[in-house]
$ cat coords_6.cif   # mmCIF, C-alpha atoms
data_final
#
loop_
_atom_site.group_PDB
_atom_site.id
_atom_site.type_symbol
_atom_site.label_atom_id
_atom_site.label_comp_id
_atom_site.auth_asym_id
_atom_site.auth_seq_id
_atom_site.Cartn_x
_atom_site.Cartn_y
_atom_site.Cartn_z
ATOM 1 C CA MET A 1 -58.943 41.388 3.589
ATOM 2 C CA GLU A 2 -59.017 40.192 -0.001
ATOM 3 C CA LYS A 3 -61.898 37.998 -1.079
ATOM 4 C CA VAL A 4 -61.196 35.442 -3.793
ATOM 5 C CA PHE A 5 -63.781 33.681 -5.938
ATOM 6 C CA GLY A 6 -63.162 31.411 -8.891
ATOM 7 C CA LEU A 7 -64.062 28.690 -11.337
ATOM 8 C CA ILE A 8 -62.839 25.103 -11.163
ATOM 9 C CA GLY A 9 -62.938 22.760 -14.140
ATOM 10 C CA ALA A 10 -60.800 20.630 -16.426
ATOM 11 C CA ALA A 11 -60.705 23.407 -19.061
ATOM 12 C CA VAL A 12 -61.451 26.941 -17.877
ATOM 13 C CA GLY A 13 -59.550 29.194 -20.294
ATOM 14 C CA HIS A 14 -62.622 29.661 -22.501
ATOM 15 C CA SER A 15 -64.819 30.825 -19.629
ATOM 16 C CA PHE A 16 -66.548 34.184 -19.601
ATOM 17 C CA SER A 17 -66.841 34.129 -15.806
ATOM 18 C CA LYS A 18 -63.598 35.964 -15.005
ATOM 19 C CA ASN A 19 -64.421 38.926 -17.275
ATOM 20 C CA TYR A 20 -67.983 39.001 -15.969
ATOM 21 C CA PHE A 21 -66.959 39.169 -12.319
ATOM 22 C CA ASP A 22 -63.916 41.406 -12.903
ATOM 23 C CA GLU A 23 -66.225 43.960 -14.527
ATOM 24 C CA LYS A 24 -68.822 43.529 -11.774
ATOM 25 C CA PHE A 25 -66.240 44.055 -9.009
ATOM 26 C CA PHE A 26 -64.824 47.127 -10.776
ATOM 27 C CA ARG A 27 -68.275 48.595 -11.405
ATOM 28 C CA ASP A 28 -69.312 48.067 -7.775
ATOM 29 C CA GLY A 29 -66.050 49.416 -6.353
ATOM 30 C CA LEU A 30 -65.069 46.064 -4.814
ATOM 31 C CA ARG A 31 -61.301 46.514 -5.186
ATOM 32 C CA ASP A 32 -60.522 43.768 -2.675
ATOM 33 C CA HIS A 33 -62.550 41.159 -4.635
ATOM 34 C CA HIS A 34 -60.889 38.937 -7.231
ATOM 35 C CA TYR A 35 -62.090 36.157 -9.534
ATOM 36 C CA GLU A 36 -59.628 33.503 -10.732
ATOM 37 C CA LEU A 37 -59.700 30.533 -13.097
ATOM 38 C CA PHE A 38 -58.469 27.297 -11.500
ATOM 39 C CA GLN A 39 -57.759 24.469 -13.927
ATOM 40 C CA LEU A 40 -57.824 21.114 -12.166
ATOM 41 C CA HIS A 41 -56.492 18.070 -14.006
ATOM 42 C CA LYS A 42 -58.339 15.900 -11.495
ATOM 43 C CA ILE A 43 -60.850 16.742 -8.779
ATOM 44 C CA ASP A 44 -58.483 15.622 -5.996
ATOM 45 C CA GLU A 45 -56.384 18.740 -6.697
ATOM 46 C CA LEU A 46 -59.178 20.726 -5.030
ATOM 47 C CA SER A 47 -57.764 19.914 -1.567
ATOM 48 C CA ASN A 48 -54.492 21.744 -2.302
ATOM 49 C CA LEU A 49 -56.358 24.636 -3.919
ATOM 50 C CA LEU A 50 -58.451 25.105 -0.784
ATOM 51 C CA ALA A 51 -55.383 24.914 1.467
ATOM 52 C CA ASP A 52 -53.215 27.254 -0.628
ATOM 53 C CA THR A 53 -55.680 29.989 -1.632
ATOM 54 C CA LYS A 54 -56.051 32.643 1.054
ATOM 55 C CA GLY A 55 -59.363 34.472 1.209
ATOM 56 C CA LEU A 56 -61.240 31.931 -0.917
ATOM 57 C CA CYS A 57 -64.961 32.590 -0.407
ATOM 58 C CA GLY A 58 -66.710 30.857 -3.298
ATOM 59 C CA LEU A 59 -66.320 28.694 -6.362
ATOM 60 C CA ASN A 60 -68.214 27.967 -9.525
ATOM 61 C CA VAL A 61 -67.895 24.395 -10.812
ATOM 62 C CA THR A 62 -67.874 23.380 -14.467
ATOM 63 C CA LEU A 63 -67.247 20.218 -16.487
ATOM 64 C CA PRO A 64 -66.500 17.524 -15.565
ATOM 65 C CA TYR A 65 -66.629 18.048 -11.801
ATOM 66 C CA LYS A 66 -70.246 18.948 -10.969
ATOM 67 C CA GLU A 67 -70.874 15.477 -9.566
ATOM 68 C CA GLN A 68 -67.351 14.566 -8.447
ATOM 69 C CA VAL A 69 -67.028 17.660 -6.240
ATOM 70 C CA ILE A 70 -69.832 16.537 -3.904
ATOM 71 C CA LYS A 71 -67.495 14.303 -1.858
ATOM 72 C CA PHE A 72 -65.512 17.403 -0.777
ATOM 73 C CA LEU A 73 -68.526 19.251 0.638
ATOM 74 C CA ASP A 74 -69.510 19.622 4.282
ATOM 75 C CA ASP A 75 -73.110 20.347 3.370
ATOM 76 C CA ILE A 76 -75.298 20.428 0.277
ATOM 77 C CA ASP A 77 -78.412 22.438 -0.472
ATOM 78 C CA GLN A 78 -81.583 20.365 -0.779
ATOM 79 C CA ALA A 79 -82.143 21.306 -4.433
ATOM 80 C CA ALA A 80 -78.570 20.363 -5.373
ATOM 81 C CA LYS A 81 -78.907 17.097 -3.459
ATOM 82 C CA GLN A 82 -82.086 16.278 -5.358
ATOM 83 C CA ILE A 83 -80.428 17.047 -8.707
ATOM 84 C CA GLY A 84 -77.216 15.209 -7.814
ATOM 85 C CA ALA A 85 -74.885 17.912 -9.119
ATOM 86 C CA VAL A 86 -73.267 21.087 -7.757
ATOM 87 C CA ASN A 87 -72.109 24.141 -9.704
ATOM 88 C CA VAL A 88 -71.710 26.681 -6.881
ATOM 89 C CA ILE A 89 -69.772 26.312 -3.629
ATOM 90 C CA LYS A 90 -69.952 28.769 -0.734
ATOM 91 C CA ILE A 91 -66.939 28.737 1.586
ATOM 92 C CA LYS A 92 -67.462 30.187 5.052
ATOM 93 C CA ASP A 93 -65.503 29.503 8.251
ATOM 94 C CA GLY A 94 -63.750 26.626 6.471
ATOM 95 C CA LYS A 95 -67.062 24.959 5.642
ATOM 96 C CA LEU A 96 -67.994 24.112 2.023
ATOM 97 C CA THR A 97 -71.681 24.160 1.066
ATOM 98 C CA GLY A 98 -72.805 23.100 -2.418
ATOM 99 C CA TYR A 99 -75.646 24.561 -4.479
ATOM 100 C CA ASN A 100 -77.062 24.132 -7.966
ATOM 101 C CA THR A 101 -78.121 27.171 -10.005
ATOM 102 C CA ASP A 102 -78.165 25.349 -13.354
ATOM 103 C CA ALA A 103 -81.727 24.085 -13.029
ATOM 104 C CA ALA A 104 -83.227 27.425 -11.962
ATOM 105 C CA ALA A 105 -81.295 29.369 -14.609
ATOM 106 C CA PHE A 106 -82.230 26.937 -17.383
ATOM 107 C CA LEU A 107 -85.874 26.972 -16.292
ATOM 108 C CA GLU A 108 -85.955 30.789 -16.315
ATOM 109 C CA THR A 109 -84.559 31.016 -19.852
ATOM 110 C CA VAL A 110 -86.799 28.257 -21.210
ATOM 111 C CA GLU A 111 -89.936 29.840 -19.749
ATOM 112 C CA ARG A 112 -89.103 33.086 -21.559
ATOM 113 C CA TRP A 113 -88.181 31.378 -24.830
ATOM 114 C CA LEU A 114 -90.753 28.639 -25.423
ATOM 115 C CA PRO A 115 -94.280 29.600 -26.552
ATOM 116 C CA SER A 116 -96.804 28.595 -23.900
ATOM 117 C CA GLU A 117 -99.363 27.390 -26.431
ATOM 118 C CA VAL A 118 -97.093 24.635 -27.825
ATOM 119 C CA LYS A 119 -96.948 21.165 -26.244
ATOM 120 C CA PHE A 120 -93.330 20.013 -26.011
ATOM 121 C CA ASN A 121 -91.545 16.690 -25.886
ATOM 122 C CA ALA A 122 -87.840 17.002 -25.127
ATOM 123 C CA LEU A 123 -84.766 15.058 -26.131
ATOM 124 C CA VAL A 124 -81.819 15.717 -23.789
ATOM 125 C CA LEU A 125 -78.374 14.953 -25.196
ATOM 126 C CA GLY A 126 -75.978 13.879 -22.448
ATOM 127 C CA THR A 127 -76.245 12.402 -18.966
ATOM 128 C CA GLY A 128 -73.764 14.458 -16.897
ATOM 129 C CA GLY A 129 -74.263 17.099 -14.212
ATOM 130 C CA SER A 130 -75.776 19.671 -16.559
ATOM 131 C CA SER A 131 -78.190 17.070 -17.888
ATOM 132 C CA LYS A 132 -79.380 16.350 -14.347
ATOM 133 C CA ALA A 133 -80.226 20.039 -13.837
ATOM 134 C CA VAL A 134 -82.038 20.225 -17.179
ATOM 135 C CA LYS A 135 -84.099 17.150 -16.235
ATOM 136 C CA GLN A 136 -85.115 18.850 -12.991
ATOM 137 C CA ALA A 137 -86.218 21.996 -14.826
ATOM 138 C CA LEU A 138 -88.165 20.038 -17.456
ATOM 139 C CA SER A 139 -89.938 18.104 -14.706
ATOM 140 C CA THR A 140 -90.914 21.397 -13.057
ATOM 141 C CA LEU A 141 -92.289 22.608 -16.395
ATOM 142 C CA LYS A 142 -94.066 19.258 -16.877
ATOM 143 C CA ILE A 143 -92.289 18.720 -20.214
ATOM 144 C CA PRO A 144 -91.753 14.984 -20.835
ATOM 145 C CA TYR A 145 -88.206 14.101 -21.861
ATOM 146 C CA LYS A 146 -85.944 11.269 -22.981
ATOM 147 C CA LEU A 147 -82.169 11.083 -22.488
ATOM 148 C CA VAL A 148 -79.579 10.232 -25.130
ATOM 149 C CA SER A 149 -76.118 8.809 -24.434
ATOM 150 C CA ARG A 150 -73.245 7.328 -26.411
ATOM 151 C CA GLU A 151 -73.292 4.340 -24.056
ATOM 152 C CA GLU A 152 -76.093 1.816 -24.120
ATOM 153 C CA GLY A 153 -77.846 1.423 -20.784
ATOM 154 C CA LYS A 154 -77.005 4.928 -19.501
ATOM 155 C CA ALA A 155 -80.040 6.647 -21.058
ATOM 156 C CA ASP A 156 -83.327 6.000 -22.845
ATOM 157 C CA PHE A 157 -81.618 5.969 -26.248
ATOM 158 C CA THR A 158 -78.197 5.865 -27.839
ATOM 159 C CA TYR A 159 -77.354 8.190 -30.724
ATOM 160 C CA GLU A 160 -77.423 5.191 -33.044
ATOM 161 C CA GLN A 161 -80.994 4.455 -31.987
ATOM 162 C CA ILE A 162 -82.352 7.992 -32.480
ATOM 163 C CA ASN A 163 -80.605 8.276 -35.845
ATOM 164 C CA ALA A 164 -81.987 4.914 -36.966
ATOM 165 C CA ASP A 165 -85.542 5.667 -35.843
ATOM 166 C CA LYS A 166 -86.182 9.133 -37.262
ATOM 167 C CA LYS A 167 -89.595 9.287 -35.565
ATOM 168 C CA ILE A 168 -87.839 9.917 -32.246
ATOM 169 C CA ILE A 169 -86.204 13.148 -33.468
ATOM 170 C CA LYS A 170 -89.227 14.215 -35.495
ATOM 171 C CA GLU A 171 -91.544 13.967 -32.475
ATOM 172 C CA SER A 172 -89.088 15.625 -30.070
ATOM 173 C CA ASN A 173 -89.751 19.287 -30.820
ATOM 174 C CA LEU A 174 -87.386 20.457 -28.050
ATOM 175 C CA ILE A 175 -83.789 19.218 -28.316
ATOM 176 C CA ILE A 176 -81.228 20.239 -25.682
ATOM 177 C CA ASN A 177 -77.486 19.649 -25.881
ATOM 178 C CA THR A 178 -75.920 19.344 -22.421
ATOM 179 C CA THR A 179 -72.644 17.803 -23.633
ATOM 180 C CA PRO A 180 -69.362 19.734 -24.125
ATOM 181 C CA GLN A 181 -69.282 18.714 -27.803
ATOM 182 C CA GLY A 182 -68.607 21.849 -29.894
ATOM 183 C CA MET A 183 -67.260 23.966 -27.038
ATOM 184 C CA HIS A 184 -64.154 26.085 -27.596
ATOM 185 C CA PRO A 185 -61.489 25.073 -28.537
ATOM 186 C CA ASN A 186 -63.037 21.922 -30.095
ATOM 187 C CA THR A 187 -65.527 23.924 -32.118
ATOM 188 C CA GLU A 188 -65.774 21.484 -35.050
ATOM 189 C CA THR A 189 -67.214 18.668 -32.932
ATOM 190 C CA MET A 190 -70.866 18.040 -32.138
ATOM 191 C CA ALA A 191 -73.157 15.396 -30.699
ATOM 192 C CA PRO A 192 -73.652 12.751 -33.432
ATOM 193 C CA ILE A 193 -77.287 13.517 -34.204
ATOM 194 C CA SER A 194 -78.999 13.433 -37.596
ATOM 195 C CA PHE A 195 -80.695 16.686 -38.645
ATOM 196 C CA GLU A 196 -82.735 15.113 -41.437
ATOM 197 C CA HIS A 197 -86.010 15.317 -39.487
ATOM 198 C CA ILE A 198 -85.411 18.600 -37.671
ATOM 199 C CA GLY A 199 -87.526 21.431 -39.082
ATOM 200 C CA LYS A 200 -89.350 24.688 -38.412
ATOM 201 C CA ASP A 201 -91.377 23.175 -35.569
ATOM 202 C CA HIS A 202 -88.229 22.349 -33.581
ATOM 203 C CA PHE A 203 -86.642 24.377 -30.785
ATOM 204 C CA VAL A 204 -82.961 23.562 -30.299
ATOM 205 C CA TYR A 205 -81.068 24.728 -27.191
ATOM 206 C CA ASP A 206 -77.299 24.309 -26.732
ATOM 207 C CA LEU A 207 -76.010 25.023 -23.213
ATOM 208 C CA ILE A 208 -72.657 26.011 -24.744
ATOM 209 C CA TYR A 209 -72.059 29.758 -25.102
ATOM 210 C CA ASN A 210 -68.521 29.769 -26.574
ATOM 211 C CA PRO A 211 -68.778 29.822 -29.537
ATOM 212 C CA ALA A 212 -72.134 31.614 -29.638
ATOM 213 C CA ARG A 213 -73.244 29.479 -32.595
ATOM 214 C CA THR A 214 -71.939 25.946 -32.312
ATOM 215 C CA VAL A 215 -71.912 23.635 -35.319
ATOM 216 C CA PHE A 216 -74.883 21.925 -33.654
ATOM 217 C CA LEU A 217 -76.890 25.176 -33.620
ATOM 218 C CA GLN A 218 -75.792 26.139 -37.133
ATOM 219 C CA LYS A 219 -77.010 22.844 -38.565
ATOM 220 C CA ALA A 220 -80.293 23.046 -36.642
ATOM 221 C CA GLU A 221 -80.913 26.587 -37.913
ATOM 222 C CA MET A 222 -80.130 25.553 -41.496
ATOM 223 C CA HIS A 223 -82.962 23.035 -41.180
ATOM 224 C CA GLY A 224 -85.395 25.701 -40.001
ATOM 225 C CA ALA A 225 -85.271 25.213 -36.230
ATOM 226 C CA LEU A 226 -85.399 28.066 -33.717
ATOM 227 C CA ILE A 227 -82.122 28.069 -31.786
ATOM 228 C CA LYS A 228 -80.773 29.314 -28.460
ATOM 229 C CA ASN A 229 -77.331 29.192 -26.818
ATOM 230 C CA GLY A 230 -76.363 29.173 -23.139
ATOM 231 C CA LEU A 231 -75.235 32.785 -22.705
ATOM 232 C CA GLU A 232 -78.417 34.070 -21.058
ATOM 233 C CA MET A 233 -78.417 31.060 -18.762
ATOM 234 C CA LEU A 234 -74.811 31.799 -17.788
ATOM 235 C CA HIS A 235 -75.593 35.428 -16.898
ATOM 236 C CA ILE A 236 -78.420 34.258 -14.633
ATOM 237 C CA GLN A 237 -76.153 31.622 -13.051
ATOM 238 C CA ALA A 238 -73.475 34.225 -12.333
ATOM 239 C CA GLU A 239 -75.931 36.502 -10.525
ATOM 240 C CA LYS A 240 -77.375 33.580 -8.569
ATOM 241 C CA SER A 241 -73.816 32.581 -7.564
ATOM 242 C CA TRP A 242 -73.202 36.095 -6.278
ATOM 243 C CA GLU A 243 -76.423 35.990 -4.249
ATOM 244 C CA ILE A 244 -75.370 32.658 -2.678
ATOM 245 C CA TRP A 245 -71.872 33.863 -1.804
ATOM 246 C CA ASN A 246 -73.295 36.966 -0.126
ATOM 247 C CA SER A 247 -76.291 35.398 1.610
#
$ encode --input "coords_6.cif" --output "structure tokens"
Amino acid sequence: MEKVFGLIGAAVGHSFSKNYFDEKFFRDGLRDHHYELFQLHKIDELSNLLADTKGLCGLNVTLPYKEQVIKFLDDIDQAAKQIGAVNVIKIKDGKLTGYNTDAAAFLETVERWLPSEVKFNALVLGTGGSSKAVKQALSTLKIPYKLVSREEGKADFTYEQINADKKIIKESNLIINTTPQGMHPNTETMAPISFEHIGKDHFVYDLIYNPARTVFLQKAEMHGALIKNGLEMLHIQAEKSWEIWNS
């Protein structure tokens, strides 16, 4: 019997996941395994997808549905419940169980990347599902953080506030973009942050992996910052998804 896995999101054409799993299935001789991209214009379309897709065993979840998908689940892993966002769904015997691999994957990459001797203060751009996972990882690492949002009242700061008070950016030596700003195909966009006080002591992480160097990362690097994109994190997430689906 064929086993189908896939990715749900509002825009999935840019995703690397299909190529990653197609190559994995081919390499491992899993000819009856398939990975598909499912574009959903709204999360309620998930019900028809579940009913119409034979052999569906697991899903990855991307923007903007990591929080909205929770209402469709029969069960949710404790870590995902604590974070408040789901990016992996296991489907077995008609039952949907949600998990979150974002936090663990982000934590793993950050531990490898950041020097242990430096004390960090983080600024997290965005307040969505990915931001929730990043917050969890930073808490585990005991790195204090502040959130930034376009909307007043949704985070510690608005972009206007951090751009007006340059001390905030200057003293936040770890800056993480969790928003979709700059992601393919809208590669010219970026979170509206001033780079005037970003320098060689800054570490700037963009969860986006397509393109590999977003405008956000390019500008940060031009000002001397050390930069990292989300590709390594995505590889780790993919393998953790596979472990969940086969557990």
$ atom_distance --input "coords_6.cif" --atom1 "atom CA of A:Pro115" --atom2 "atom CA of A:His223"
19.6 Å
$ resolve_selection --input "coords_6.cif" --expression "the PyMOL selection byres ((chain A and resi 2) around 9)" --output "PyMOL selection string"
chain A and resi 1+3-4+31-34+54-56
$ residues_around --input "coords_6.cif" --residues "stretch 143-154 of chain A" --least-positions-apart "3" --cutoff "10 Å" --atoms "all atoms listed in the file" --output "number ranges by chain"
A: 119-128, 131, 134-135, 137-140, 157-162, 168, 172, 174-177, 179, 191-193
$ atom_distance --input "coords_6.cif" --atom1 "atom CA of A:Trp242" --atom2 "atom CA of A:Ala85"
18.5 Å
$ closest_residue --input "coords_6.cif" --among "A:Gly224, A:Gly199, A:Gly58, A:Gly29" --to "A:Ser241" --atoms "all atoms listed in the file"
A:Gly58
$ resolve_selection --input "coords_6.cif" --expression "the PyMOL selection byres ((chain A and resi 67) around 7)" --output "number ranges by chain"
A: 65-66, 68-70, 84-86, 129
$ closest_residue --input "coords_6.cif" --among "A:Glu239, A:Arg27, A:Ile8, A:Asn60" --to "A:His41" --atoms "all atoms listed in the file"
A:Ile8
$ atom_distance --input "coords_6.cif" --atom1 "atom CA of A:Gly94" --atom2 "atom CA of A:His14"
29.2 Å
$ closest_residue --input "coords_6.cif" --among "A:Asp156, A:Lys92, A:Ile236, A:Lys167" --to "A:Leu107" --atoms "all atoms listed in the file"
A:Ile236
$ residues_near_point --input "coords_6.cif" --point "(-78.7, 22.6, -36.1)" --cutoff "10 Å" --atoms "all atoms listed in the file" --output "ChimeraX atom specification"
/A:175,190,193-195,198-199,202-206,213-227
$ resolve_selection --input "coords_6.cif" --expression "the PyMOL selection byres ((chain A and resi 234) around 12)" --output "ChimeraX atom specification"
/A:15-17,20,60,62,87,101-106,108-109,206-210,229-233,235-241
$ axis_aligned_box --input "coords_6.cif" --around "stretch 182-188 of chain A" --padding-each-side "4 Å" --output "JSON"
{"center_x": -65.0, "center_y": 23.8, "center_z": -31.0, "size_x": 15.1, "size_y": 12.6, "size_z": 16.0}
$ residues_around --input "coords_6.cif" --residues "A:Ile91" --least-positions-apart "2" --cutoff "10 Å" --atoms "all atoms listed in the file" --output "list in words"
Phe5, Leu50, Gly55, Leu56, Cys57, Gly58, Leu59, Leu73, Asp74, Val88, Ile89, Asp93, Gly94, Lys95, Leu96, Thr97, Gly98 and Trp245 of chain A
$ closest_residue --input "coords_6.cif" --among "A:Leu63, A:Ile244, A:Ile169, A:Val12" --to "A:His197" --atoms "all atoms listed in the file"
A:Ile169
$ closest_residue --input "coords_6.cif" --among "A:Gly9, A:Asn163, A:Glu36, A:Asp52" --to "A:Phe21" --atoms "only C-alpha atoms"
A:Glu36
$ closest_residue --input "coords_6.cif" --among "A:Ile83, A:Phe26, A:Asn246, A:Glu196" --to "A:Lys132" --atoms "only C-alpha atoms"
A:Ile83
$ build_atoms --input "coords_6.cif" --residues "stretch 2-29 of chain A" --atoms "N, CA and C atoms" --output "mmCIF file, in the coordinates of the input"
data_model
loop_
_atom_site.group_PDB
_atom_site.id
_atom_site.type_symbol
_atom_site.label_atom_id
_atom_site.label_comp_id
_atom_site.auth_asym_id
_atom_site.auth_seq_id
_atom_site.Cartn_x
_atom_site.Cartn_y
_atom_site.Cartn_z
ATOM 1 N N GLU A 2 -58.602 40.539 1.358
ATOM 2 C CA GLU A 2 -59.017 40.192 -0.001
ATOM 3 C C GLU A 2 -59.982 39.016 0.011
ATOM 4 N N LYS A 3 -60.953 39.091 -0.903
ATOM 5 C CA LYS A 3 -61.898 37.998 -1.079
ATOM 6 C C LYS A 3 -61.699 37.418 -2.471
ATOM 7 N N VAL A 4 -61.484 36.117 -2.531
ATOM 8 C CA VAL A 4 -61.196 35.442 -3.793
ATOM 9 C C VAL A 4 -62.344 34.503 -4.145
ATOM 10 N N PHE A 5 -62.780 34.586 -5.383
ATOM 11 C CA PHE A 5 -63.781 33.681 -5.938
ATOM 12 C C PHE A 5 -63.168 33.063 -7.182
ATOM 13 N N GLY A 6 -63.763 31.998 -7.706
ATOM 14 C CA GLY A 6 -63.162 31.411 -8.891
ATOM 15 C C GLY A 6 -63.981 30.304 -9.505
ATOM 16 N N LEU A 7 -63.440 29.783 -10.585
ATOM 17 C CA LEU A 7 -64.062 28.690 -11.337
ATOM 18 C C LEU A 7 -63.121 27.509 -11.360
ATOM 19 N N ILE A 8 -63.630 26.321 -11.021
ATOM 20 C CA ILE A 8 -62.839 25.103 -11.163
ATOM 21 C C ILE A 8 -63.418 24.248 -12.284
ATOM 22 N N GLY A 9 -62.530 23.631 -13.046
ATOM 23 C CA GLY A 9 -62.938 22.760 -14.140
ATOM 24 C C GLY A 9 -61.711 22.164 -14.795
ATOM 25 N N ALA A 10 -61.926 21.239 -15.713
ATOM 26 C CA ALA A 10 -60.800 20.630 -16.426
ATOM 27 C C ALA A 10 -60.242 21.576 -17.481
ATOM 28 N N ALA A 11 -61.121 22.402 -18.073
ATOM 29 C CA ALA A 11 -60.705 23.407 -19.061
ATOM 30 C C ALA A 11 -61.473 24.684 -18.760
ATOM 31 N N VAL A 12 -60.776 25.719 -18.322
ATOM 32 C CA VAL A 12 -61.451 26.941 -17.877
ATOM 33 C C VAL A 12 -61.035 28.183 -18.663
ATOM 34 N N GLY A 13 -60.056 28.039 -19.558
ATOM 35 C CA GLY A 13 -59.550 29.194 -20.294
ATOM 36 C C GLY A 13 -60.579 29.868 -21.164
ATOM 37 N N HIS A 14 -61.580 29.123 -21.609
ATOM 38 C CA HIS A 14 -62.622 29.661 -22.501
ATOM 39 C C HIS A 14 -63.692 30.424 -21.745
ATOM 40 N N SER A 15 -63.680 30.349 -20.414
ATOM 41 C CA SER A 15 -64.819 30.825 -19.629
ATOM 42 C C SER A 15 -64.980 32.340 -19.678
ATOM 43 N N PHE A 16 -66.234 32.764 -19.644
ATOM 44 C CA PHE A 16 -66.548 34.184 -19.601
ATOM 45 C C PHE A 16 -66.610 34.685 -18.166
ATOM 46 N N SER A 17 -66.575 33.783 -17.193
ATOM 47 C CA SER A 17 -66.841 34.129 -15.806
ATOM 48 C C SER A 17 -65.865 35.156 -15.244
ATOM 49 N N LYS A 18 -64.584 35.031 -15.557
ATOM 50 C CA LYS A 18 -63.598 35.964 -15.005
ATOM 51 C C LYS A 18 -63.884 37.392 -15.474
ATOM 52 N N ASN A 19 -64.111 37.583 -16.767
ATOM 53 C CA ASN A 19 -64.421 38.926 -17.275
ATOM 54 C C ASN A 19 -65.703 39.457 -16.657
ATOM 55 N N TYR A 20 -66.689 38.593 -16.521
ATOM 56 C CA TYR A 20 -67.983 39.001 -15.969
ATOM 57 C C TYR A 20 -67.808 39.537 -14.551
ATOM 58 N N PHE A 21 -67.101 38.762 -13.714
ATOM 59 C CA PHE A 21 -66.959 39.169 -12.319
ATOM 60 C C PHE A 21 -65.931 40.290 -12.147
ATOM 61 N N ASP A 22 -64.876 40.296 -12.966
ATOM 62 C CA ASP A 22 -63.916 41.406 -12.903
ATOM 63 C C ASP A 22 -64.624 42.734 -13.176
ATOM 64 N N GLU A 23 -65.472 42.744 -14.193
ATOM 65 C CA GLU A 23 -66.225 43.960 -14.527
ATOM 66 C C GLU A 23 -67.215 44.315 -13.417
ATOM 67 N N LYS A 24 -67.860 43.299 -12.862
ATOM 68 C CA LYS A 24 -68.822 43.529 -11.774
ATOM 69 C C LYS A 24 -68.117 44.137 -10.557
ATOM 70 N N PHE A 25 -66.971 43.562 -10.179
ATOM 71 C CA PHE A 25 -66.240 44.055 -9.009
ATOM 72 C C PHE A 25 -65.760 45.493 -9.235
ATOM 73 N N PHE A 26 -65.290 45.777 -10.451
ATOM 74 C CA PHE A 26 -64.824 47.127 -10.776
ATOM 75 C C PHE A 26 -65.981 48.128 -10.724
ATOM 76 N N ARG A 27 -67.098 47.734 -11.336
ATOM 77 C CA ARG A 27 -68.275 48.595 -11.405
ATOM 78 C C ARG A 27 -68.827 48.905 -10.011
ATOM 79 N N ASP A 28 -68.755 47.904 -9.116
ATOM 80 C CA ASP A 28 -69.312 48.067 -7.775
ATOM 81 C C ASP A 28 -68.290 48.576 -6.760
ATOM 82 N N GLY A 29 -67.077 48.876 -7.241
ATOM 83 C CA GLY A 29 -66.050 49.416 -6.353
ATOM 84 C C GLY A 29 -65.476 48.409 -5.367
#
